[in-house]
Amino acid sequence: MGKKGVEKYLDMEIVLPFKTFYMEEYQVTLLPANHDRRKDCFIYVIQHEGKTLLYGHDSAVFGEETWQGLRQFSFDCVVLDRTIVEKAQIFEGYMGFPDNIKIRERITPIFKENGFVAATDGLDIEF
């Protein structure tokens with residue numbers, strides 16, 4: 001199905017990093033992910049009803065421009081991947097637990113709570 005076949009089902013919009021856009025009542029800001037240098041990859045800041053979520057999967061430790069973009073937010077919840085437990089970033093573009101600790105240390109001043117919850121498939125979180 002080409003572009004014309006999809007248009008009747010989808011409302012397409014080009015979104016850019018560091019720019020906030022709206023998906024119904026959600027505000028979404030894309031920030032560059034450190035995942036695959038050949039492609040545009042992003043992590044997401046999602047805001048809804050006064051709460052702010054950082055959804056940072058498929059990224060190694062963030063680049064400096066992403067850190068600068070994160071400074072404008074105060075997070076109620078941060079979700080990061082942890083592909084490898086004991087080692088830091090042994091696969092390019094993915095975090096290990098030591099990388100999660102580095103990110104926590106750097107963003108702790110903007111956390112409302114200070115801690116991690118290990119997520120599993122099917123986990124429901126209210127924040």
# chains A, B, ... in the order shown; residues from 1 in each chain; ligands from 1

call {"tool": "residues_around", "arguments": {"residues": "Val61 (chain A)", "least_positions_apart": "2", "cutoff": "8 Å", "atoms": "only C-alpha atoms", "output": "list in words"}}
result
Asn34, Ser59, Gly63, Tyr94, Met95, Asp99, Asn100 and Ile103 of chain A

call {"tool": "closest_atom_pairs", "arguments": {"of": "region 46-82 of chain A", "to": "region 9-31 of chain A", "cutoff": "8 Å", "atoms": "only C-alpha atoms", "output": "tab-separated table"}}
result
residue	atom	partner	partner_atom	distance
A:Ile46	CA	A:Val28	CA	4.6
A:Gln47	CA	A:Gln27	CA	5.0
A:His48	CA	A:Tyr26	CA	5.1
A:Thr66	CA	A:Leu31	CA	5.7
A:Gly69	CA	A:Phe18	CA	6.7

call {"tool": "write_last_selection", "arguments": {"atoms": "N, CA, C and O atoms", "output": "short mmCIF file (atom, residue, chain, number, x, y, z; two decimals), in the first residue's frame"}}
result
data_model
loop_
_atom_site.label_atom_id
_atom_site.label_comp_id
_atom_site.auth_asym_id
_atom_site.auth_seq_id
_atom_site.Cartn_x
_atom_site.Cartn_y
_atom_site.Cartn_z
N ILE A 46 6.80 12.78 27.35
CA ILE A 46 5.35 12.78 27.17
C ILE A 46 4.72 13.46 28.38
O ILE A 46 4.97 13.08 29.53
N GLN A 47 3.90 14.49 28.11
CA GLN A 47 3.25 15.25 29.17
C GLN A 47 1.74 15.11 29.03
O GLN A 47 1.19 15.20 27.92
N HIS A 48 1.08 14.89 30.19
CA HIS A 48 -0.37 14.73 30.19
C HIS A 48 -0.90 15.03 31.59
O HIS A 48 -0.38 14.50 32.58
N THR A 66 20.97 16.02 23.91
CA THR A 66 19.79 15.45 24.56
C THR A 66 19.75 15.88 26.02
O THR A 66 18.69 16.25 26.54
N GLY A 69 18.37 19.26 26.18
CA GLY A 69 16.92 19.25 25.97
C GLY A 69 16.16 18.77 27.20
O GLY A 69 15.06 19.26 27.50
#

call {"tool": "closest_residue", "arguments": {"among": "A:Lys8, A:Asp36, A:Arg71, A:Asp76", "to": "Gly50 (chain A)", "atoms": "only C-alpha atoms"}}
result
A:Asp76

call {"tool": "residues_around", "arguments": {"residues": "Val79 (chain A)", "least_positions_apart": "4", "cutoff": "7 Å", "atoms": "only C-alpha atoms", "output": "ChimeraX atom specification"}}
result
/A:54-56

call {"tool": "atom_distance", "arguments": {"atom1": "CA of His57 (chain A)", "atom2": "CA of His35 (chain A)"}}
result
9.3 Å

call {"tool": "select_by_dssp", "arguments": {"residues": "region 39-69 of chain A", "states": "strand (DSSP E or B)", "output": "PyMOL selection string"}}
result
chain A and resi 42-48+51-56

call {"tool": "atom_distance", "arguments": {"atom1": "CA of Val45 (chain A)", "atom2": "CA of Pro32 (chain A)"}}
result
11.0 Å

call {"tool": "atom_distance", "arguments": {"atom1": "CA of Ile43 (chain A)", "atom2": "CA of Asp58 (chain A)"}}
result
7.9 Å

call {"tool": "closest_residue", "arguments": {"among": "A:Ile101, A:Ala60, A:Ile125, A:Ala33", "to": "Cys77 (chain A)", "atoms": "only C-alpha atoms"}}
result
A:Ile125

call {"tool": "closest_residue", "arguments": {"among": "A:Leu70, A:Phe62, A:Glu126, A:Leu53", "to": "Lys102 (chain A)", "atoms": "only C-alpha atoms"}}
result
A:Phe62
